[in-house]
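> Below is a structure I'd like to ask you about.
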Amino acid sequence: MSLDYSKIRREAIRWHLLSAVNLSRPSGIYTEPLLEIVRAVYPDATHQEVRVNLDYLEEREMVRIAKDPMDRWSVDLTRTGIDFVEYTIDAQPGISRPKITQA
């Protein structure tokens, strides 16, 4: 069985982004600190990679992105994004949310 490492990486990055944006509530967060958070897991991550995955999450209506005139992106969670990171809705395909287990 062959693992698709690009898919694993992409889905994990999406979870890390959602988790980080959740911690920034209620004010939101810019992409620059999000990049540093993702780089803690994937040191070779790029700003473009973060933006592509945020764009995906925006299309899924999990985040809102506000773009300023200097092309800085400020990101905040939507209701769906909050429910997802708080485990109150089912897991979504395309995002590798860790399972909650009880001992």
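Identifiers for the structure tokens are assigned positionally: chains receive A, B, ... in sequence, residues are indexed from 1 per chain, and ligands are indexed from 1 in the order shown.
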Using only C-alpha atoms, which residues sit within 12 Å of A:Ile100 once same-chain residues fewer than 6 positions away are excluded, as a PyMOL selection string?
chain A and resi 85-88+90-91
> Let me see the file: selected residues, N, CA and C atoms, as an mmCIF file, in the first residue's frame.

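In the end it all went to out_29.cif:
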data_model
loop_
_atom_site.group_PDB
_atom_site.id
_atom_site.type_symbol
_atom_site.label_atom_id
_atom_site.label_comp_id
_atom_site.auth_asym_id
_atom_site.auth_seq_id
_atom_site.Cartn_x
_atom_site.Cartn_y
_atom_site.Cartn_z
ATOM 1 N N VAL A 85 -13.712 22.436 14.754
ATOM 2 C CA VAL A 85 -12.574 22.310 15.670
ATOM 3 C C VAL A 85 -13.020 21.940 17.078
ATOM 4 N N GLU A 86 -14.262 22.231 17.411
ATOM 5 C CA GLU A 86 -14.786 21.851 18.722
ATOM 6 C C GLU A 86 -15.436 20.467 18.703
ATOM 7 N N TYR A 87 -15.336 19.771 17.574
ATOM 8 C CA TYR A 87 -15.836 18.404 17.441
ATOM 9 C C TYR A 87 -17.351 18.295 17.642
ATOM 10 N N THR A 88 -18.090 19.341 17.317
ATOM 11 C CA THR A 88 -19.540 19.261 17.451
ATOM 12 C C THR A 88 -20.227 18.886 16.144
ATOM 13 N N ASP A 90 -19.542 16.397 12.411
ATOM 14 C CA ASP A 90 -18.762 15.271 11.903
ATOM 15 C C ASP A 90 -17.524 15.752 11.152
ATOM 16 N N ALA A 91 -16.536 14.872 11.097
ATOM 17 C CA ALA A 91 -15.302 15.152 10.366
ATOM 18 C C ALA A 91 -15.622 15.416 8.901
#
> Any idea what's packed within 10 Å of A:Pro26, counting only C-alpha atoms, ignoring anything in its chain fewer than 3 positions away? Could you give it as a list in words?
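Listing them by chain and then by number gives Val21, Asn22, Leu23, Ile29, Asp76 and Leu77 of chain A.
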> Looking only at alpha helix (DSSP H) from DSSP on the backbone, list the matching residues of chain A as a ChimeraX atom specification.
/A:5-23,31-41,47-59,79-85
> Choose the residue, out of A:Ile8, A:Val52, A:Ala45, A:Ile37, that has the smallest atom-to-atom separation from A:Pro93; count only C-alpha atoms.
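Once distances to A:Pro93 are computed over only C-alpha atoms, the minimum belongs to A:Ile8.
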> Please identify the strand (DSSP E or B) residues within chain A (assignment by DSSP from backbone atoms) and present them as a list in words.
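Those residues are Ile29, Tyr30, Val63, Arg64, Ile65, Ala66, Lys67, Trp73, Ser74, Val75, Asp76 and Leu77 of chain A.
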> What is the distance, in Å and to one decimal place, between atom CA of A:Gln92 and atom CA of A:Arg9?
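Rounded to one decimal, the two atoms are 15.8 Å apart.
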> Using Å and a single decimal, report how far atom CA of A:Ser96 sits from atom CA of A:His47.
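About the pair atom CA of A:His47 and atom CA of A:Ser96: they are 20.3 Å apart.
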> Measuring atom to atom with only C-alpha atoms, identify which of A:Asp55, A:Glu49, A:Asp4, A:Glu61 is nearest to A:Phe84.
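Nearest candidate to A:Phe84 out of A:Asp55, A:Glu49, A:Asp4, A:Glu61: A:Glu61.
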> Please provide as a compact mmCIF listing (two decimals) with N, CA, C and O atoms, in the first residue's frame all residues within 12 Å of A:Tyr56, with the sequence filter that same-chain residues fewer than 5 positions apart are discarded (counting only C-alpha atoms).

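Writing done, so here's result.txt:
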# COMPACT_ATOMS: atom_id res chain seq x y z
N ARG A 10 -1.19 17.98 3.11
CA ARG A 10 -2.22 18.98 2.81
C ARG A 10 -3.33 18.93 3.88
O ARG A 10 -3.74 19.95 4.42
N GLU A 11 -3.80 17.72 4.18
CA GLU A 11 -4.89 17.58 5.13
C GLU A 11 -4.46 17.93 6.55
O GLU A 11 -5.23 18.49 7.32
N ILE A 13 -2.01 20.12 7.29
CA ILE A 13 -1.84 21.57 7.31
C ILE A 13 -3.18 22.25 7.53
O ILE A 13 -3.30 23.20 8.31
N ARG A 14 -4.22 21.76 6.90
CA ARG A 14 -5.56 22.35 7.07
C ARG A 14 -6.02 22.26 8.52
O ARG A 14 -6.59 23.21 9.05
N TRP A 15 -5.74 21.13 9.17
CA TRP A 15 -6.12 21.00 10.57
C TRP A 15 -5.32 21.96 11.44
O TRP A 15 -5.86 22.63 12.32
N LEU A 17 -4.01 24.78 10.56
CA LEU A 17 -4.51 26.14 10.31
C LEU A 17 -5.80 26.39 11.07
O LEU A 17 -5.95 27.43 11.73
N LEU A 18 -6.74 25.48 11.00
CA LEU A 18 -8.01 25.65 11.71
C LEU A 18 -7.77 25.75 13.22
O LEU A 18 -8.37 26.61 13.89
N GLU A 49 1.64 28.00 0.07
CA GLU A 49 0.98 26.76 0.51
C GLU A 49 -0.07 27.06 1.59
O GLU A 49 -1.17 26.48 1.56
N VAL A 50 0.26 27.95 2.51
CA VAL A 50 -0.70 28.34 3.54
C VAL A 50 -1.91 29.00 2.89
O VAL A 50 -3.05 28.68 3.18
N ARG A 51 -1.66 29.90 1.96
CA ARG A 51 -2.78 30.60 1.29
C ARG A 51 -3.65 29.65 0.47
O ARG A 51 -4.87 29.77 0.47
N GLU A 61 -16.33 26.99 3.54
CA GLU A 61 -17.05 27.86 4.47
C GLU A 61 -16.67 27.59 5.93
O GLU A 61 -17.50 27.65 6.83
N MET A 62 -15.38 27.29 6.13
CA MET A 62 -14.87 27.07 7.48
C MET A 62 -14.11 28.28 8.01
O MET A 62 -13.98 28.44 9.22
N VAL A 63 -13.58 29.11 7.10
CA VAL A 63 -12.91 30.34 7.49
C VAL A 63 -13.41 31.49 6.62
O VAL A 63 -13.96 31.28 5.54
N ARG A 64 -13.23 32.69 7.16
CA ARG A 64 -13.45 33.93 6.39
C ARG A 64 -12.09 34.58 6.22
O ARG A 64 -11.31 34.64 7.18
N ILE A 65 -11.82 35.05 5.03
CA ILE A 65 -10.56 35.72 4.75
C ILE A 65 -10.86 37.16 4.36
O ILE A 65 -11.64 37.41 3.44
N PRO A 93 -14.25 15.56 4.88
CA PRO A 93 -13.18 15.05 4.03
C PRO A 93 -12.22 16.19 3.66
O PRO A 93 -12.62 17.35 3.59
N GLY A 94 -10.96 15.84 3.47
CA GLY A 94 -9.97 16.83 3.08
C GLY A 94 -9.24 17.49 4.23
O GLY A 94 -8.37 18.33 4.03
N ILE A 95 -9.62 17.13 5.46
CA ILE A 95 -8.98 17.71 6.66
C ILE A 95 -8.73 16.56 7.62
O ILE A 95 -9.65 15.80 7.94
> Would you compute the distance between atom CA of A:Val38 and atom CA of A:His16? Give it in Å to one decimal.
6.7 Å
> Which neighbours of A:Gln48 fall inside 10 Å, counting only C-alpha atoms, when residues of the same chain fewer than 5 positions from it are skipped, and could you give them as a PyMOL selection string?
chain A and resi 31+35+53-54
> Determine the nearest neighbour of A:Asp68 from the options A:Asp44, A:Tyr30, A:Leu3, A:Ala12, counting only C-alpha atoms.
A:Tyr30
